[in-house]
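S.K.: Sharing data_22.pdb below, PDB, C-alpha atoms:
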ATOM      1  CA  MET A   1      35.926  58.493  39.916  1.00  0.00           C
ATOM      2  CA  GLU A   2      32.230  58.509  40.768  1.00  0.00           C
ATOM      3  CA  ILE A   3      30.278  55.946  42.791  1.00  0.00           C
ATOM      4  CA  GLY A   4      26.634  55.271  43.634  1.00  0.00           C
ATOM      5  CA  VAL A   5      24.933  52.620  45.744  1.00  0.00           C
ATOM      6  CA  ASP A   6      21.336  51.665  46.532  1.00  0.00           C
ATOM      7  CA  ILE A   7      19.483  48.992  48.490  1.00  0.00           C
ATOM      8  CA  GLU A   8      15.807  48.076  48.126  1.00  0.00           C
ATOM      9  CA  GLU A   9      13.365  45.842  49.975  1.00  0.00           C
ATOM     10  CA  VAL A  10      12.074  43.202  47.567  1.00  0.00           C
ATOM     11  CA  ARG A  11       8.582  43.054  49.117  1.00  0.00           C
ATOM     12  CA  ARG A  12       7.977  46.619  47.917  1.00  0.00           C
ATOM     13  CA  PHE A  13       8.130  45.307  44.346  1.00  0.00           C
ATOM     14  CA  ASN A  14       5.662  42.436  44.768  1.00  0.00           C
ATOM     15  CA  LYS A  15       2.735  44.741  43.993  1.00  0.00           C
ATOM     16  CA  TRP A  16       4.496  46.151  40.915  1.00  0.00           C
ATOM     17  CA  VAL A  17       4.840  42.763  39.182  1.00  0.00           C
ATOM     18  CA  ALA A  18       1.171  42.725  38.151  1.00  0.00           C
ATOM     19  CA  ASN A  19       0.911  46.444  37.346  1.00  0.00           C
ATOM     20  CA  GLU A  20       2.230  46.720  33.790  1.00  0.00           C
ATOM     21  CA  LYS A  21       1.149  50.358  33.444  1.00  0.00           C
ATOM     22  CA  TYR A  22       3.268  51.326  36.448  1.00  0.00           C
ATOM     23  CA  LEU A  23       6.204  49.154  35.346  1.00  0.00           C
ATOM     24  CA  CYS A  24       6.291  50.918  31.973  1.00  0.00           C
ATOM     25  CA  LYS A  25       6.799  54.273  33.696  1.00  0.00           C
ATOM     26  CA  ILE A  26      10.022  53.090  35.352  1.00  0.00           C
ATOM     27  CA  PHE A  27      11.439  50.140  33.428  1.00  0.00           C
ATOM     28  CA  SER A  28      12.333  49.539  29.784  1.00  0.00           C
ATOM     29  CA  LYS A  29      10.599  46.792  27.797  1.00  0.00           C
ATOM     30  CA  GLU A  30      13.760  44.666  28.043  1.00  0.00           C
ATOM     31  CA  GLU A  31      13.916  45.095  31.830  1.00  0.00           C
ATOM     32  CA  ILE A  32      10.249  44.161  32.231  1.00  0.00           C
ATOM     33  CA  ARG A  33      10.549  41.131  29.950  1.00  0.00           C
ATOM     34  CA  TYR A  34      13.727  39.909  31.673  1.00  0.00           C
ATOM     35  CA  SER A  35      12.304  40.324  35.184  1.00  0.00           C
ATOM     36  CA  THR A  36       8.754  39.086  34.702  1.00  0.00           C
ATOM     37  CA  ASP A  37       9.883  35.984  32.789  1.00  0.00           C
ATOM     38  CA  ARG A  38      11.587  34.766  35.959  1.00  0.00           C
ATOM     39  CA  ARG A  39      10.147  32.907  38.923  1.00  0.00           C
ATOM     40  CA  MET A  40      11.120  35.607  41.442  1.00  0.00           C
ATOM     41  CA  ALA A  41      10.133  38.623  39.339  1.00  0.00           C
ATOM     42  CA  ALA A  42      10.045  41.017  42.306  1.00  0.00           C
ATOM     43  CA  GLN A  43      13.700  40.279  43.122  1.00  0.00           C
ATOM     44  CA  HIS A  44      14.750  41.005  39.547  1.00  0.00           C
ATOM     45  CA  LEU A  45      12.733  44.217  39.401  1.00  0.00           C
ATOM     46  CA  ALA A  46      14.104  45.330  42.774  1.00  0.00           C
ATOM     47  CA  VAL A  47      17.729  44.765  41.808  1.00  0.00           C
ATOM     48  CA  ARG A  48      17.266  46.576  38.497  1.00  0.00           C
ATOM     49  CA  PHE A  49      15.619  49.477  40.294  1.00  0.00           C
ATOM     50  CA  ALA A  50      18.500  49.528  42.810  1.00  0.00           C
ATOM     51  CA  ALA A  51      20.965  49.640  39.891  1.00  0.00           C
ATOM     52  CA  LYS A  52      19.071  52.483  38.216  1.00  0.00           C
ATOM     53  CA  GLU A  53      19.083  54.396  41.527  1.00  0.00           C
ATOM     54  CA  ALA A  54      22.814  53.761  42.030  1.00  0.00           C
ATOM     55  CA  VAL A  55      23.578  55.084  38.547  1.00  0.00           C
ATOM     56  CA  TRP A  56      21.263  58.060  39.063  1.00  0.00           C
ATOM     57  CA  LYS A  57      22.929  58.912  42.392  1.00  0.00           C
ATOM     58  CA  MET A  58      26.365  58.629  40.791  1.00  0.00           C
ATOM     59  CA  LEU A  59      25.415  60.970  37.941  1.00  0.00           C
ATOM     60  CA  ASN A  60      23.216  63.396  39.891  1.00  0.00           C
ATOM     61  CA  SER A  61      26.182  65.691  40.552  1.00  0.00           C
ATOM     62  CA  LYS A  62      26.715  66.010  36.777  1.00  0.00           C
ATOM     63  CA  THR A  63      23.122  66.468  35.622  1.00  0.00           C
ATOM     64  CA  SER A  64      19.795  67.021  37.301  1.00  0.00           C
ATOM     65  CA  GLU A  65      17.834  66.286  34.114  1.00  0.00           C
ATOM     66  CA  LEU A  66      18.311  62.523  34.226  1.00  0.00           C
ATOM     67  CA  LEU A  67      15.235  60.462  35.150  1.00  0.00           C
ATOM     68  CA  ILE A  68      15.183  56.907  36.489  1.00  0.00           C
ATOM     69  CA  ALA A  69      13.265  55.890  33.344  1.00  0.00           C
ATOM     70  CA  ASP A  70      16.202  57.169  31.215  1.00  0.00           C
ATOM     71  CA  ILE A  71      18.424  54.456  32.725  1.00  0.00           C
ATOM     72  CA  ALA A  72      18.131  50.809  31.687  1.00  0.00           C
ATOM     73  CA  ILE A  73      19.943  47.744  32.987  1.00  0.00           C
ATOM     74  CA  VAL A  74      20.201  45.124  30.253  1.00  0.00           C
ATOM     75  CA  ASN A  75      22.078  41.846  30.467  1.00  0.00           C
ATOM     76  CA  GLU A  76      24.587  41.008  27.763  1.00  0.00           C
ATOM     77  CA  GLU A  77      24.519  37.516  26.225  1.00  0.00           C
ATOM     78  CA  ASN A  78      27.009  36.323  28.849  1.00  0.00           C
ATOM     79  CA  GLY A  79      24.672  37.536  31.639  1.00  0.00           C
ATOM     80  CA  LYS A  80      26.731  40.578  32.632  1.00  0.00           C
ATOM     81  CA  PRO A  81      24.505  43.596  33.356  1.00  0.00           C
ATOM     82  CA  GLN A  82      25.197  46.704  31.279  1.00  0.00           C
ATOM     83  CA  VAL A  83      24.008  50.284  31.767  1.00  0.00           C
ATOM     84  CA  TYR A  84      22.191  52.174  29.020  1.00  0.00           C
ATOM     85  CA  ILE A  85      21.281  55.842  29.359  1.00  0.00           C
ATOM     86  CA  LYS A  86      18.734  57.138  26.882  1.00  0.00           C
ATOM     87  CA  ASN A  87      19.352  53.992  24.792  1.00  0.00           C
ATOM     88  CA  LYS A  88      23.151  54.551  24.661  1.00  0.00           C
ATOM     89  CA  LYS A  89      25.420  51.860  26.081  1.00  0.00           C
ATOM     90  CA  GLN A  90      27.636  53.266  28.832  1.00  0.00           C
ATOM     91  CA  SER A  91      30.884  51.280  28.702  1.00  0.00           C
ATOM     92  CA  ASN A  92      32.474  53.519  31.359  1.00  0.00           C
ATOM     93  CA  ILE A  93      29.887  52.581  33.994  1.00  0.00           C
ATOM     94  CA  LYS A  94      30.425  49.299  35.801  1.00  0.00           C
ATOM     95  CA  ILE A  95      27.682  47.850  38.016  1.00  0.00           C
ATOM     96  CA  SER A  96      27.390  44.998  40.443  1.00  0.00           C
ATOM     97  CA  LEU A  97      24.005  43.566  41.433  1.00  0.00           C
ATOM     98  CA  SER A  98      22.992  41.196  44.208  1.00  0.00           C
ATOM     99  CA  HIS A  99      19.693  40.118  45.738  1.00  0.00           C
ATOM    100  CA  THR A 100      18.193  37.819  48.332  1.00  0.00           C
ATOM    101  CA  LYS A 101      14.554  37.064  49.105  1.00  0.00           C
ATOM    102  CA  LYS A 102      14.382  40.257  51.192  1.00  0.00           C
ATOM    103  CA  TYR A 103      16.870  42.752  49.748  1.00  0.00           C
ATOM    104  CA  ALA A 104      18.394  43.904  46.491  1.00  0.00           C
ATOM    105  CA  VAL A 105      21.562  45.985  46.286  1.00  0.00           C
ATOM    106  CA  ALA A 106      23.526  47.581  43.469  1.00  0.00           C
ATOM    107  CA  VAL A 107      26.741  49.548  43.119  1.00  0.00           C
ATOM    108  CA  ALA A 108      27.693  51.729  40.156  1.00  0.00           C
ATOM    109  CA  ILE A 109      31.200  53.028  39.484  1.00  0.00           C
ATOM    110  CA  SER A 110      32.534  55.209  36.693  1.00  0.00           C
ATOM    111  CA  ASP A 111      36.075  56.287  35.991  1.00  0.00           C
ATOM    112  CA  GLY A 112      35.559  57.938  32.626  1.00  0.00           C
ATOM    113  CA  ASP A 113      33.391  60.270  30.597  1.00  0.00           C
ATOM    114  CA  ILE A 114      29.729  59.438  30.391  1.00  0.00           C
ATOM    115  CA  CYS A 115      27.481  60.408  27.479  1.00  0.00           C
ATOM    116  CA  VAL A 116      24.218  61.630  29.006  1.00  0.00           C
TER
END
What is this structure when it is put down as structure tokens?

M.R.:
Amino acid sequence: MEIGVDIEEVRRFNKWVANEKYLCKIFSKEEIRYSTDRRMAAQHLAVRFAAKEAVWKMLNSKTSELLIADIAIVNEENGKPQVYIKNKKQSNIKISLSHTKKYAVAVAISDGDICV
């Protein structure tokens, strides 16, 4: 079993909301669309970044070639967040996301093989 966790300050992401060029370096089109379509865009960006970091930390012992931009957090139709790595759905990675006005936190857990 592997685990990763990350916490971010939401205020750090306030300046990113308006910088599409910078967002595109870190987030997928789906992540940007999902986050910026919401009233509290910085919170949604921060929690997705925290999730990407948690997944990256969890997998860093297996590969050092993985970039944050290779990881995407996309909600399923039912709202459940799902991890994609290099556009491949990772059913063996489970994540939990939470955010407040000030902080965003994410945990990633895997108990199986991961296709990186």

S.K.: Near stretch 8-11 of chain A, within 10 Å and counting all atoms listed in the file, which residues show up once chain neighbours fewer than 3 positions away are dropped, as an mmCIF file with C-alpha atoms, keeping the file's coordinate frame?

M.R.:
data_model
loop_
_atom_site.group_PDB
_atom_site.id
_atom_site.type_symbol
_atom_site.label_atom_id
_atom_site.label_comp_id
_atom_site.auth_asym_id
_atom_site.auth_seq_id
_atom_site.Cartn_x
_atom_site.Cartn_y
_atom_site.Cartn_z
ATOM 1 C CA ASN A 14 5.662 42.436 44.768
ATOM 2 C CA LYS A 15 2.735 44.741 43.993
ATOM 3 C CA TRP A 16 4.496 46.151 40.915
ATOM 4 C CA MET A 40 11.120 35.607 41.442
ATOM 5 C CA ALA A 41 10.133 38.623 39.339
ATOM 6 C CA ALA A 42 10.045 41.017 42.306
ATOM 7 C CA GLN A 43 13.700 40.279 43.122
ATOM 8 C CA HIS A 44 14.750 41.005 39.547
ATOM 9 C CA LEU A 45 12.733 44.217 39.401
ATOM 10 C CA ALA A 46 14.104 45.330 42.774
ATOM 11 C CA VAL A 47 17.729 44.765 41.808
ATOM 12 C CA ARG A 48 17.266 46.576 38.497
ATOM 13 C CA PHE A 49 15.619 49.477 40.294
ATOM 14 C CA ALA A 50 18.500 49.528 42.810
ATOM 15 C CA ALA A 51 20.965 49.640 39.891
ATOM 16 C CA GLU A 53 19.083 54.396 41.527
ATOM 17 C CA HIS A 99 19.693 40.118 45.738
ATOM 18 C CA THR A 100 18.193 37.819 48.332
ATOM 19 C CA LYS A 101 14.554 37.064 49.105
ATOM 20 C CA LYS A 102 14.382 40.257 51.192
ATOM 21 C CA TYR A 103 16.870 42.752 49.748
ATOM 22 C CA ALA A 104 18.394 43.904 46.491
ATOM 23 C CA VAL A 105 21.562 45.985 46.286
ATOM 24 C CA ALA A 106 23.526 47.581 43.469
#

S.K.: So, with all atoms listed in the file as the atoms that count, which of A:Val17, A:Ile109, A:Ile26, A:Met58 lies closest to A:Ile71?

M.R.: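 Of all the options, A:Ile26 lies closest to A:Ile71.
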
S.K.: Separation of atom CA of A:Leu59 and atom CA of A:Asn19, in Å?

M.R.: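 Answer for the atom CA of A:Leu59 to atom CA of A:Asn19 separation: 28.5 Å.
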
S.K.: Which of these residues is nearest to A:Thr36, using only C-alpha atoms: A:Glu65, A:Glu76, A:Glu20, A:Asp6?

M.R.: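 Of the candidates, the smallest distance to A:Thr36 is held by A:Glu20.
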
S.K.: Selection in question (the file shown): the PyMOL selection byres ((chain A and resi 74) around 9). Which residues does it include, as a list in words?

M.R.: Glu30, Glu31, Tyr34, Arg48, Ala72, Ile73, Asn75, Glu76, Gly79, Lys80, Pro81, Gln82, Val83 and Tyr84 of chain A

S.K.: Here's a test: counting all atoms listed in the file, identify every protein, DNA and RNA residue with an atom at most 9 Å from (30.8, 52.8, 34.3) in the file's coordinate frame, and state them as a list of chain:residue names.

M.R.: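 Using all atoms listed in the file, the matching residues come out as A:Glu2, A:Val55, A:Gln82, A:Val83, A:Gln90, A:Ser91, A:Asn92, A:Ile93, A:Lys94, A:Ile95, A:Ala108, A:Ile109, A:Ser110, A:Asp111, A:Gly112, A:Asp113, A:Ile114.
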
S.K.: Could you check the closest approach to A:Asp70 for each of A:Arg33, A:Lys21, A:Lys86, A:Arg38 and tell me which residue wins, using all atoms listed in the file?

M.R.: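 Using all atoms listed in the file, the shortest distance to A:Asp70 belongs to A:Lys86.
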
S.K.: So which one's closest to A:Asn87, A:Leu23, A:Ser28, A:Ile3, A:Ala54? Using all atoms listed in the file, please.

M.R.: A:Ser28

S.K.: Since the input is missing atoms for stretch 6-37 of chain A, could you rebuild it with N, CA and C atoms and give the result as a CSV table (one decimal), in the coordinates of the input?

M.R.:
chain,number,residue,atom,x,y,z
A,6,ASP,N,22.7,51.6,46.1
A,6,ASP,CA,21.3,51.7,46.5
A,6,ASP,C,20.9,50.3,47.0
A,7,ILE,N,20.0,50.2,48.0
A,7,ILE,CA,19.5,49.0,48.5
A,7,ILE,C,18.0,49.1,48.5
A,8,GLU,N,17.3,48.1,48.2
A,8,GLU,CA,15.8,48.1,48.1
A,8,GLU,C,15.3,46.8,48.8
A,9,GLU,N,14.1,47.0,49.4
A,9,GLU,CA,13.4,45.8,50.0
A,9,GLU,C,12.6,45.2,48.9
A,10,VAL,N,12.7,43.9,48.7
A,10,VAL,CA,12.1,43.2,47.6
A,10,VAL,C,10.6,43.2,47.7
A,11,ARG,N,10.0,43.1,48.9
A,11,ARG,CA,8.6,43.1,49.1
A,11,ARG,C,7.9,44.3,48.6
A,12,ARG,N,8.5,45.4,48.5
A,12,ARG,CA,8.0,46.6,47.9
A,12,ARG,C,7.6,46.4,46.4
A,13,PHE,N,8.3,45.5,45.8
A,13,PHE,CA,8.1,45.3,44.3
A,13,PHE,C,7.1,44.2,44.0
A,14,ASN,N,6.7,43.5,45.0
A,14,ASN,CA,5.7,42.4,44.8
A,14,ASN,C,4.4,43.0,44.1
A,15,LYS,N,4.0,44.2,44.6
A,15,LYS,CA,2.7,44.7,44.0
A,15,LYS,C,3.0,45.3,42.6
A,16,TRP,N,4.2,45.6,42.2
A,16,TRP,CA,4.5,46.2,40.9
A,16,TRP,C,4.5,45.1,39.8
A,17,VAL,N,4.7,43.8,40.2
A,17,VAL,CA,4.8,42.8,39.2
A,17,VAL,C,3.6,42.7,38.3
A,18,ALA,N,2.4,42.9,38.9
A,18,ALA,CA,1.2,42.7,38.2
A,18,ALA,C,0.7,44.0,37.6
A,19,ASN,N,1.4,45.1,37.8
A,19,ASN,CA,0.9,46.4,37.3
A,19,ASN,C,1.8,46.9,36.2
A,20,GLU,N,1.4,46.4,35.0
A,20,GLU,CA,2.2,46.7,33.8
A,20,GLU,C,2.3,48.2,33.5
A,21,LYS,N,1.2,48.9,33.7
A,21,LYS,CA,1.1,50.4,33.4
A,21,LYS,C,2.2,51.1,34.3
A,22,TYR,N,2.3,50.7,35.6
A,22,TYR,CA,3.3,51.3,36.4
A,22,TYR,C,4.7,50.9,36.1
A,23,LEU,N,4.9,49.6,35.7
A,23,LEU,CA,6.2,49.2,35.3
A,23,LEU,C,6.7,49.9,34.1
A,24,CYS,N,5.9,50.2,33.2
A,24,CYS,CA,6.3,50.9,32.0
A,24,CYS,C,6.7,52.3,32.2
A,25,LYS,N,6.4,52.9,33.3
A,25,LYS,CA,6.8,54.3,33.7
A,25,LYS,C,8.2,54.3,34.2
A,26,ILE,N,8.7,53.1,34.7
A,26,ILE,CA,10.0,53.1,35.4
A,26,ILE,C,11.0,52.2,34.6
A,27,PHE,N,10.6,51.1,34.0
A,27,PHE,CA,11.4,50.1,33.4
A,27,PHE,C,11.3,50.1,31.9
A,28,SER,N,12.4,49.7,31.2
A,28,SER,CA,12.3,49.5,29.8
A,28,SER,C,11.6,48.2,29.5
A,29,LYS,N,11.3,48.0,28.2
A,29,LYS,CA,10.6,46.8,27.8
A,29,LYS,C,11.5,45.6,28.1
A,30,GLU,N,12.8,45.8,27.8
A,30,GLU,CA,13.8,44.7,28.0
A,30,GLU,C,13.8,44.3,29.5
A,31,GLU,N,13.9,45.3,30.4
A,31,GLU,CA,13.9,45.1,31.8
A,31,GLU,C,12.7,44.4,32.3
A,32,ILE,N,11.5,44.8,31.8
A,32,ILE,CA,10.2,44.2,32.2
A,32,ILE,C,10.2,42.7,31.8
A,33,ARG,N,10.6,42.5,30.5
A,33,ARG,CA,10.5,41.1,30.0
A,33,ARG,C,11.5,40.2,30.7
A,34,TYR,N,12.7,40.7,30.9
A,34,TYR,CA,13.7,39.9,31.7
A,34,TYR,C,13.2,39.6,33.1
A,35,SER,N,12.7,40.5,33.8
A,35,SER,CA,12.3,40.3,35.2
A,35,SER,C,11.0,39.5,35.3
A,36,THR,N,10.0,39.8,34.5
A,36,THR,CA,8.8,39.1,34.7
A,36,THR,C,8.8,37.7,34.1
A,37,ASP,N,9.8,37.3,33.3
A,37,ASP,CA,9.9,36.0,32.8
A,37,ASP,C,10.5,35.0,33.8
